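Colleague: See start_11.txt below, with compact mmCIF, C-alpha atoms.
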# COMPACT_ATOMS: atom_id res chain seq x y z
CA MET A 21 -92.69 -6.92 -6.21
CA ARG A 22 -95.30 -4.17 -5.52
CA LYS A 23 -92.81 -2.13 -3.49
CA ALA A 24 -90.12 -2.47 -6.13
CA THR A 25 -92.55 -1.24 -8.77
CA LEU A 26 -93.61 1.71 -6.64
CA ALA A 27 -90.01 2.60 -5.98
CA ALA A 28 -89.34 2.68 -9.71
CA LEU A 29 -92.33 4.95 -10.25
CA VAL A 30 -91.22 7.37 -7.54
CA LEU A 31 -87.69 7.55 -8.88
CA ALA A 32 -89.05 8.03 -12.38
CA ALA A 33 -90.70 11.26 -11.20
CA CYS A 34 -87.31 12.95 -11.32
CA GLY A 35 -86.94 12.49 -15.05
CA ASP A 36 -90.41 11.69 -16.36
CA PRO A 37 -92.82 14.67 -16.19
CA SER A 38 -95.85 12.35 -15.92
CA PRO A 39 -94.88 9.11 -14.16
CA PRO A 40 -97.67 6.58 -13.54
CA GLY A 41 -99.28 6.88 -10.12
CA PHE A 42 -98.85 10.63 -9.73
CA SER A 43 -100.98 13.52 -11.00
CA THR A 44 -98.39 15.77 -12.57
CA GLY A 45 -99.90 16.68 -15.93
CA PRO A 46 -102.63 19.06 -17.08
CA VAL A 47 -105.07 17.77 -14.44
CA VAL A 48 -103.24 19.99 -11.93
CA THR A 49 -104.71 23.48 -12.07
CA ALA A 50 -103.90 26.73 -10.34
CA ALA A 51 -106.28 27.99 -7.66
CA PRO A 52 -106.83 31.75 -7.37
CA ALA A 53 -105.26 33.03 -4.17
CA SER A 54 -108.27 35.11 -3.23
CA THR A 55 -110.97 32.45 -3.54
CA GLY A 56 -111.65 29.05 -2.03
CA THR A 57 -113.71 26.07 -3.05
CA SER A 58 -116.43 24.04 -1.41
CA SER A 59 -115.92 21.08 -3.69
CA THR A 60 -114.91 17.89 -1.93
CA SER A 61 -112.47 17.21 -4.74
CA GLY A 62 -110.28 20.06 -3.51
CA SER A 63 -108.26 22.54 -5.46
CA THR A 64 -104.66 21.86 -6.39
CA SER A 65 -101.91 23.95 -7.86
CA SER A 66 -98.38 23.49 -9.05
CA THR A 67 -97.91 27.10 -10.06
CA GLY A 68 -96.25 29.44 -7.58
CA PRO A 69 -96.84 33.13 -6.90
CA ALA A 70 -95.84 35.76 -9.41
CA ASP A 71 -92.19 36.64 -9.01
CA ASP A 72 -89.82 38.77 -11.02
CA SER A 73 -86.92 36.43 -10.32
CA ALA A 74 -86.15 33.16 -12.09
CA GLY A 75 -85.64 31.24 -8.87
CA PRO A 76 -86.59 27.61 -8.31
CA GLY A 77 -90.26 28.47 -7.71
CA SER A 78 -90.65 31.12 -10.38
CA ALA A 79 -93.04 30.89 -13.30
CA GLU A 80 -90.07 30.70 -15.67
CA SER A 81 -88.49 27.72 -13.97
CA MET A 82 -91.83 25.93 -13.65
CA SER A 83 -92.72 26.42 -17.32
CA THR A 84 -89.36 25.58 -18.80
CA GLY A 85 -88.39 22.71 -16.50
CA VAL A 86 -85.05 24.44 -15.86
CA LEU A 87 -83.71 24.85 -12.34
CA ARG A 88 -81.33 27.71 -11.62
CA ASP A 89 -77.72 26.50 -11.42
CA VAL A 90 -78.57 22.85 -12.11
CA GLY A 91 -79.85 22.86 -15.69
CA ALA A 92 -82.76 20.90 -17.12
CA VAL A 93 -84.46 18.20 -15.09
CA GLU A 94 -83.86 15.64 -17.80
CA ASP A 95 -80.10 16.27 -17.58
CA PHE A 96 -79.81 14.38 -14.26
CA GLY A 97 -79.30 11.14 -16.12
CA PRO A 98 -78.72 8.02 -14.03
CA VAL A 99 -77.71 10.03 -10.93
CA GLN A 100 -80.96 11.13 -9.29
CA PRO A 101 -81.04 14.07 -6.86
CA GLU A 102 -81.32 13.08 -3.21
CA GLY A 103 -84.81 14.56 -2.91
CA CYS A 104 -86.10 11.86 -5.25
CA LYS A 105 -84.75 9.03 -3.14
CA GLY A 106 -87.82 9.01 -0.99
CA LYS A 107 -87.63 11.12 2.19
CA VAL A 108 -90.78 12.96 3.24
CA ASP A 109 -91.46 14.88 6.44
CA LEU A 110 -95.22 15.18 7.06
CA LEU A 111 -96.14 17.99 9.47
CA PHE A 112 -99.76 18.23 10.66
CA LEU A 113 -101.23 21.24 12.46
CA ILE A 114 -104.73 20.40 13.73
CA SER A 115 -106.88 22.75 15.76
CA SER A 116 -108.46 21.35 18.93
CA LEU A 117 -110.75 24.33 19.51
CA GLY A 118 -114.23 23.58 20.86
CA THR A 119 -115.74 24.36 17.44
CA MET A 120 -113.88 21.39 15.94
CA LYS A 121 -116.27 18.68 17.21
CA THR A 122 -117.78 18.06 13.76
CA GLU A 123 -114.43 18.39 12.03
CA GLN A 124 -112.87 15.94 14.49
CA ALA A 125 -115.46 13.34 13.46
CA GLN A 126 -114.67 14.01 9.80
CA LEU A 127 -110.97 13.73 10.55
CA LEU A 128 -111.53 10.37 12.24
CA ALA A 129 -113.40 9.23 9.13
CA SER A 130 -110.33 10.23 7.11
CA PHE A 131 -107.79 8.11 8.99
CA PRO A 132 -108.26 4.92 6.91
CA GLY A 133 -107.72 6.97 3.76
CA PHE A 134 -104.66 8.69 5.22
CA VAL A 135 -103.12 5.36 6.13
CA ALA A 136 -103.99 3.85 2.73
CA THR A 137 -102.30 6.75 0.95
CA ILE A 138 -99.18 6.46 3.09
CA GLN A 139 -99.00 2.71 2.56
CA ASP A 140 -99.74 2.80 -1.17
CA LYS A 141 -98.39 6.03 -2.65
CA LEU A 142 -95.62 6.56 -0.10
CA ALA A 143 -94.80 2.90 0.51
CA ASP A 144 -91.15 3.29 -0.47
CA PHE A 145 -90.63 6.68 1.15
CA ASP A 146 -88.74 7.15 4.40
CA VAL A 147 -91.46 9.11 6.21
CA HIS A 148 -91.61 11.18 9.37
CA ILE A 149 -95.16 12.05 10.52
CA MET A 150 -95.75 14.57 13.28
CA VAL A 151 -98.76 16.43 14.66
CA ALA A 152 -97.46 19.63 16.25
CA ASN A 153 -98.95 21.27 19.35
CA PRO A 154 -100.69 24.37 17.91
CA THR A 155 -101.18 26.22 21.22
CA GLY A 156 -98.26 25.32 23.47
CA LYS A 157 -100.68 24.20 26.18
CA TRP A 158 -101.60 20.71 27.30
CA PRO A 159 -105.37 20.68 26.65
CA GLY A 160 -106.12 18.52 29.67
CA TRP A 161 -105.72 21.60 31.84
CA ASN A 162 -109.05 22.81 30.51
CA CYS A 163 -110.59 19.84 32.34
CA GLU A 164 -108.48 20.07 35.47
CA GLU A 165 -108.89 23.81 35.96
CA ALA A 166 -112.66 24.01 35.57
CA TRP A 167 -113.95 25.87 38.64
CA TRP A 168 -116.52 23.19 39.44
CA GLY A 169 -113.88 20.47 39.42
CA CYS A 170 -112.67 17.95 36.88
CA PRO A 171 -115.11 15.10 37.60
CA MET A 172 -118.04 17.50 37.25
CA TYR A 173 -116.87 19.06 33.99
CA ALA A 174 -119.66 17.98 31.64
CA PRO A 175 -119.48 15.60 30.09
CA HIS A 176 -116.30 14.37 28.42
CA CYS A 177 -113.62 14.86 31.04
CA ALA A 178 -115.36 12.65 33.59
CA PRO A 179 -113.36 9.52 34.48
CA ASP A 180 -115.73 7.13 32.68
CA ASP A 181 -116.14 9.13 29.48
CA ASP A 182 -113.53 9.01 26.69
CA GLY A 183 -110.97 7.59 29.12
CA TYR A 184 -109.91 10.87 30.71
CA GLN A 185 -108.51 10.39 34.23
CA CYS A 186 -108.96 13.42 36.47
CA ASN A 187 -106.07 14.33 38.78
CA ILE A 188 -103.98 11.52 37.30
CA PHE A 189 -103.16 12.67 33.78
CA PRO A 190 -101.51 15.94 34.93
CA LYS A 191 -98.90 13.87 36.80
CA LEU A 192 -97.89 12.23 33.52
CA ILE A 193 -97.20 15.29 31.39
CA THR A 194 -93.68 16.35 30.40
CA PRO A 195 -92.25 19.78 29.44
CA CYS A 196 -92.60 18.91 25.75
CA ASP A 197 -96.32 18.29 26.25
CA GLU A 198 -96.57 22.02 26.98
CA THR A 199 -94.24 23.33 24.28
CA LEU A 200 -95.51 25.18 21.21
CA ALA A 201 -95.08 23.03 18.09
CA ALA A 202 -93.73 19.99 19.94
CA GLY A 203 -95.00 16.71 18.56
CA LEU A 204 -98.23 15.64 20.27
CA THR A 205 -98.05 12.29 22.03
CA PHE A 206 -100.50 12.89 24.90
CA ASN A 207 -103.77 14.30 23.56
CA ALA A 208 -106.27 14.76 26.38
CA GLY A 209 -109.75 16.16 26.94
CA ASN A 210 -113.02 16.17 25.05
CA GLY A 211 -112.94 13.75 22.11
CA ALA A 212 -109.17 13.21 22.35
CA ALA A 213 -107.17 9.98 22.40
CA ASN A 214 -106.71 10.34 26.18
CA ARG A 215 -103.60 8.19 26.35
CA ARG A 216 -99.89 8.47 25.85
CA CYS A 217 -98.91 7.42 22.33
CA GLU A 218 -96.17 4.80 22.35
CA LEU A 219 -94.45 5.33 19.01
CA TYR A 220 -91.92 3.06 17.37
CA GLY A 221 -88.47 4.63 17.75
CA GLY A 222 -89.36 6.62 20.86
CA ASN A 223 -89.71 10.00 19.11
CA ARG A 224 -92.57 12.49 19.24
CA TYR A 225 -93.33 11.59 15.64
CA ILE A 226 -93.93 8.46 13.59
CA ILE A 227 -91.01 7.05 11.63
CA GLY A 228 -90.72 4.43 8.91
CA GLY A 229 -91.12 0.93 10.26
CA GLU A 230 -93.98 1.83 12.62
CA PRO A 231 -95.69 -1.58 13.03
CA TYR A 232 -99.04 -0.12 14.12
CA MET A 233 -99.48 2.74 11.68
CA ASP A 234 -103.28 2.96 11.96
CA ASP A 235 -103.24 3.19 15.75
CA ALA A 236 -100.20 5.47 15.90
CA LEU A 237 -101.64 7.97 13.43
CA GLU A 238 -105.01 8.05 15.20
CA CYS A 239 -103.34 8.49 18.59
CA ILE A 240 -101.29 11.55 17.62
CA ALA A 241 -103.96 13.10 15.39
CA LYS A 242 -107.00 12.57 17.64
CA VAL A 243 -106.51 15.96 19.27
CA GLY A 244 -110.13 16.37 20.38
CA TYR A 245 -111.98 19.65 20.82
CA ASN A 246 -110.90 20.90 24.21
CA GLY A 247 -108.09 23.30 23.32
CA GLY A 248 -107.77 27.02 22.84
CA ASP A 249 -107.84 29.12 19.67
CA PRO A 250 -104.53 28.16 18.01
CA PRO A 251 -101.95 30.53 16.51
CA MET A 252 -101.52 28.24 13.50
CA GLY A 253 -98.99 30.39 11.67
CA ASP A 254 -96.81 30.91 14.74
CA ALA A 255 -96.95 27.18 15.49
CA LEU A 256 -95.83 26.42 11.94
CA ILE A 257 -92.82 28.68 12.32
CA ALA A 258 -91.98 27.15 15.69
CA ALA A 259 -92.21 23.58 14.35
CA LEU A 260 -89.49 24.32 11.80
CA ALA A 261 -87.16 26.25 14.13
CA PRO A 262 -83.62 24.84 14.50
CA ASP A 263 -83.66 24.41 18.29
CA ILE A 264 -86.77 22.25 18.54
CA ASN A 265 -85.44 19.95 15.77
CA ALA A 266 -81.87 19.81 17.05
CA GLU A 267 -80.45 17.13 19.32
CA GLY A 268 -82.05 17.55 22.73
CA GLY A 269 -85.07 19.38 21.29
CA CYS A 270 -88.61 18.06 21.62
CA ASN A 271 -88.73 17.14 17.92
CA ALA A 272 -85.08 16.13 17.53
CA GLY A 273 -84.42 14.78 14.05
CA PHE A 274 -87.86 15.41 12.61
CA LEU A 275 -86.93 17.99 9.96
CA ARG A 276 -84.35 16.70 7.48
CA ASP A 277 -82.52 18.85 4.96
CA ASP A 278 -82.84 16.27 2.18
CA ALA A 279 -86.53 15.46 2.68
CA LEU A 280 -89.58 16.94 1.02
CA LEU A 281 -91.69 18.81 3.57
CA VAL A 282 -95.46 18.28 3.45
CA ILE A 283 -97.52 20.68 5.60
CA VAL A 284 -101.13 19.78 6.47
CA SER A 285 -103.17 22.44 8.27
CA ILE A 286 -106.69 21.64 9.52
CA ASN A 287 -108.61 24.47 11.18
CA ASP A 288 -112.21 25.70 11.10
CA THR A 289 -111.58 29.30 12.16
CA GLU A 290 -109.48 32.24 11.00
CA ASP A 291 -105.97 32.45 12.44
CA THR A 292 -106.52 35.47 14.68
CA GLU A 293 -103.99 34.49 17.34
CA SER A 294 -100.73 34.46 15.37
CA LYS A 295 -98.44 37.43 15.78
CA SER A 296 -96.83 36.61 12.44
CA TRP A 297 -98.34 37.20 9.00
CA PRO A 298 -98.51 34.91 5.95
CA TYR A 299 -95.52 36.51 4.19
CA GLN A 300 -93.42 35.98 7.33
CA GLN A 301 -94.64 32.41 7.71
CA TYR A 302 -93.89 31.66 4.07
CA LYS A 303 -90.37 33.01 4.42
CA ALA A 304 -89.75 30.97 7.56
CA VAL A 305 -90.91 27.76 5.88
CA VAL A 306 -88.87 28.32 2.73
CA ASP A 307 -85.79 29.32 4.78
CA ALA A 308 -86.16 26.09 6.75
CA LYS A 309 -85.85 24.23 3.44
CA GLY A 310 -82.72 26.01 2.32
CA GLY A 311 -84.57 28.71 0.37
CA ASP A 312 -86.16 26.22 -2.04
CA PRO A 313 -89.99 26.49 -2.32
CA ASN A 314 -90.00 23.37 -4.48
CA ALA A 315 -89.11 21.35 -1.38
CA ILE A 316 -92.58 21.96 0.07
CA VAL A 317 -96.09 20.64 -0.58
CA ALA A 318 -98.80 22.43 1.41
CA LEU A 319 -102.38 21.36 2.17
CA ALA A 320 -104.90 23.50 4.05
CA VAL A 321 -108.31 22.15 5.03
CA THR A 322 -110.17 25.32 5.99
CA PRO A 323 -113.66 26.84 6.00
CA GLN A 324 -114.84 27.91 2.57
CA PRO A 325 -117.07 30.91 1.73
CA MET A 326 -120.70 30.14 2.60
CA LYS A 327 -122.84 29.58 -0.49
CA ASP A 328 -126.27 29.75 1.14
CA PHE A 329 -127.79 30.62 4.48
CA ASP A 330 -128.89 27.03 5.14
CA GLN A 331 -125.32 25.80 5.36
CA THR A 332 -124.59 24.67 8.92
CA CYS A 333 -120.94 23.81 8.46
CA SER A 334 -118.24 26.31 9.43
CA TRP A 335 -117.43 28.97 6.84
CA ASN A 336 -115.32 32.08 6.43
CA ASN A 337 -116.20 35.59 5.34
CA GLY A 338 -113.10 36.12 3.23
CA GLY A 339 -109.54 37.14 3.94
CA ALA A 340 -108.48 33.76 5.37
CA LYS A 341 -104.81 34.11 6.32
CA ILE A 342 -104.15 30.39 6.15
CA LEU A 343 -105.29 30.28 2.53
CA ASP A 344 -103.20 33.36 1.80
CA LEU A 345 -100.19 31.43 3.08
CA ILE A 346 -100.96 28.15 1.30
CA ASN A 347 -101.42 29.83 -2.07
CA MET A 348 -97.89 31.21 -1.92
CA PHE A 349 -96.37 27.74 -2.32
CA PRO A 350 -95.79 26.34 -5.83
CA TYR A 351 -97.34 23.01 -4.81
CA HIS A 352 -100.52 23.33 -2.77
CA VAL A 353 -103.97 21.86 -2.23
CA GLU A 354 -107.04 23.52 -0.72
CA GLY A 355 -109.58 21.39 1.14
CA ASP A 356 -112.99 22.12 2.63
CA THR A 357 -113.71 21.49 6.33
CA CYS A 358 -117.30 20.62 5.33
CA ALA A 359 -116.19 17.59 3.31
CA PRO A 360 -117.29 14.23 4.79
CA SER A 361 -113.71 12.99 4.60
CA TYR A 362 -110.41 14.80 4.25
CA ALA A 363 -108.63 11.77 2.80
CA PRO A 364 -109.16 12.87 -0.86
CA PHE A 365 -107.33 16.15 -0.16
CA PHE A 366 -104.41 14.29 1.37
CA ASP A 367 -104.43 11.96 -1.62
CA GLN A 368 -104.10 14.97 -3.94
CA ALA A 369 -101.23 16.32 -1.87
CA ALA A 370 -99.50 12.94 -2.13
CA ASP A 371 -99.85 13.15 -5.92
CA LEU A 372 -98.03 16.49 -5.89
CA ILE A 373 -95.10 14.88 -4.07
CA GLY A 374 -94.19 13.15 -7.33
CA GLU A 375 -94.04 16.46 -9.18
CA ALA A 376 -92.21 18.28 -6.39
CA CYS A 377 -89.66 15.48 -6.33
CA GLY A 378 -88.63 16.33 -9.87
CA GLN A 379 -87.86 19.94 -8.90
CA PHE A 380 -86.40 19.60 -5.39
CA VAL A 381 -82.60 19.37 -5.39
CA PRO A 382 -81.05 19.46 -1.88
CA GLN A 383 -77.94 21.59 -1.66
Please express what this file holds, its structure, as structure tokens.

Modeller:
Amino acid sequence: MRKATLAALVLAACGDPSPPGFSTGPVVTAAPASTGTSSTSGSTSSTGPADDSAGPGSAESMSTGVLRDVGAVEDFGPVQPEGCKGKVDLLFLISSLGTMKTEQAQLLASFPGFVATIQDKLADFDVHIMVANPTGKWPGWNCEEAWWGCPMYAPHCAPDDDGYQCNIFPKLITPCDETLAAGLTFNAGNGAANRRCELYGGNRYIIGGEPYMDDALECIAKVGYNGGDPPMGDALIAALAPDINAEGGCNAGFLRDDALLVIVSINDTEDTESKSWPYQQYKAVVDAKGGDPNAIVALAVTPQPMKDFDQTCSWNNGGAKILDLINMFPYHVEGDTCAPSYAPFFDQAADLIGEACGQFVPQ
């Protein structure tokens, strides 16, 4: 009965501007593109960037409820667009840089909330959940290649600490474990899962029907803090490229044309490694969704501007490229890496799925 009710609420999002269970009304406010927030409640927006066109993500279409070439949302009648039938692709990009030790603990504290949101708010969605490799390197090599030897690498790569197995794990890696943006199923090193994730369906991402959701999500998202400085923007582009999602690719079948795409980026440093820039990353993401920015919900948990000199959490000094990217999307949420749990930010992003559903019409 609960699932049937939730399904009705989700489908209602396509015709009802404020269906129960989703935050789609005046509580959603626009966040200035040039500023962040240190509030643990996050900052959400359903208003896209200024644009002279009247495209699907323009201010005109958002304010009038009219989609170019398809008419008013309320005109759909009993035939709902495919995007409202409950397909969501969740793409996580999580830094495993050595500075992420505190953030990794906060991320672990967020897992119960993540799972609760997926099970409650997305219970009737057909979900794909993937954590993409943000560096293209298997992080266990940082243990194996230490000049003083893996067992001596202090302290977390020793055989009896965190489950890492020196000289054994490297024999288990596959080419996809060392491919930029491939789904992570073998996180290794300091603070990582240190095991191969056995996912229902045999993909490099979680699919609907996963019987051990809590364990599966922790396994792929417990990336640790043993990796290099990630090119987050480049990894995002690579994760949505046709080849890696095509048959035979590492992430075959992950990205679906008729699914809403939810991007979750978690990083405590500036993206200094990407060769691409936010405007290029935005274009690549929108192109991957058929040119429709309404098919995307974006969440970035990033350092916020430091408010006082006593703050020990990570912070930025302005000009964060990841925030520049996130603020380009009509539906976005900003989160703070200093928050004790990131679950509330993900919960806000899930709320925006209901609103995005009413605008996304697959071609």

Colleague: What separation in Å, quoted to one decimal, exists between atom CA of A:Arg276 and atom CA of A:Asp109?

Modeller: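 Answer for the atom CA of A:Arg276 to atom CA of A:Asp109 separation: 7.4 Å.
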
Colleague: Work out how far atom CA of A:Tyr302 is from atom CA of A:Asn246, in Å to one decimal.

Modeller: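 Between atom CA of A:Asn246 and atom CA of A:Tyr302 the gap works out to 28.5 Å.
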
Colleague: Which residues, written as a VMD selection string, have at least one atom at most 7 Å from A:Asn287, with all atoms listed in the file counted and residues fewer than 6 positions away on the same chain left out?

Modeller: chain A and resid 114 to 115 321 to 322

Colleague: Considering only C-alpha atoms, state which residue in the set A:Leu127, A:Ala320, A:Cys163, A:Ile188 is at the smallest distance from A:Ile283.

Modeller: A:Ala320

Colleague: Taking all atoms of stretch 372-375 of chain A that the file lists and extending 8 Å past them on each side, where is the centre of the axis-aligned box and how long are its edges? Answer in Å to one decimal, as JSON.

Modeller:
{"center_x": -96.0, "center_y": 14.8, "center_z": -6.6, "size_x": 20.0, "size_y": 19.3, "size_z": 21.1}

Colleague: Counting all atoms listed in the file, figure out which residue out of A:Cys177, A:Ala272, A:Leu280, A:Leu343 gets nearest to A:Phe145.

Modeller: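 Ranking A:Cys177, A:Ala272, A:Leu280, A:Leu343 by distance to A:Phe145, first place goes to A:Leu280.
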
Colleague: For the atom pair atom CA of A:Asp278 and atom CA of A:Phe380, what is the interatomic distance in Å to one decimal place?

Modeller: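 So the two atoms, atom CA of A:Asp278 and atom CA of A:Phe380, lie 9.0 Å apart.
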
Colleague: Here is a test: counting all atoms listed in the file, which residue of A:Met233, A:Ala255, A:Ala359, A:Ile373 is nearest to A:Thr155?

Modeller: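 Looking only at the distances to A:Thr155, the closest residue turns out to be A:Ala255.
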
Colleague: With distances taken over all atoms listed in the file, which residue among A:Leu142, A:Cys217, A:Ala315, A:Val282 lies nearest A:Ala376?

Modeller: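 Of A:Leu142, A:Cys217, A:Ala315, A:Val282, the one nearest A:Ala376 is A:Ala315, counting all atoms listed in the file.
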
Colleague: Have a look at A:Ala363, A:Val243, A:Ile193, A:Val284 and name the one nearest to A:Asn214; count all atoms listed in the file.

Modeller: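 Going through A:Ala363, A:Val243, A:Ile193, A:Val284 one by one, the smallest distance to A:Asn214 is for A:Val243.
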
Colleague: Leaving out A:Ile316 and any residue of its chain fewer than 3 positions from it, which residues lie within 12 Å of it when counting all atoms listed in the file, given as a ChimeraX atom specification?

Modeller: /A:66,68,76-77,103,108-111,277-284,302,305-313,319,346,348-353,369-370,372-377,379-382

Colleague: Would you be able to write out as a list in words which residues have an atom within 7 Å of (-112.8, 20.6, 20.8) in the file's coordinates, counting all atoms listed in the file?

Modeller: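 It turns out the residues near that spot are Ser116, Leu117, Gly118, Thr119, Met120, Lys121, Asn210, Gly211, Gly244, Tyr245, Asn246 and Gly247 of chain A.
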
Colleague: How about saving the chosen residues, C-alpha atoms kept, as a CSV table (one decimal), in the coordinates of the input?

Modeller:
chain,number,residue,atom,x,y,z
A,116,SER,CA,-108.5,21.4,18.9
A,117,LEU,CA,-110.8,24.3,19.5
A,118,GLY,CA,-114.2,23.6,20.9
A,119,THR,CA,-115.7,24.4,17.4
A,120,MET,CA,-113.9,21.4,15.9
A,121,LYS,CA,-116.3,18.7,17.2
A,210,ASN,CA,-113.0,16.2,25.0
A,211,GLY,CA,-112.9,13.8,22.1
A,244,GLY,CA,-110.1,16.4,20.4
A,245,TYR,CA,-112.0,19.6,20.8
A,246,ASN,CA,-110.9,20.9,24.2
A,247,GLY,CA,-108.1,23.3,23.3

Colleague: Nearest to A:Glu290 among A:Met252, A:Cys170, A:Leu204, A:Leu113, with distances taken over only C-alpha atoms: which residue is it?

Modeller: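 Nearest candidate to A:Glu290 out of A:Met252, A:Cys170, A:Leu204, A:Leu113: A:Met252.
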
Colleague: Place a sphere of radius 9 Å on (-92.2, 22.3, 25.0) in the file coordinates and name every protein, DNA or RNA residue with an atom inside or on its surface, counting only C-alpha atoms; give the answer as a list of chain:residue names.

Modeller: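 Nearby residues: A:Asn153, A:Gly156, A:Lys157, A:Thr194, A:Pro195, A:Cys196, A:Asp197, A:Glu198, A:Thr199, A:Leu200, A:Ala201, A:Ala202, A:Gly203, A:Ile264, A:Gly269, A:Cys270.
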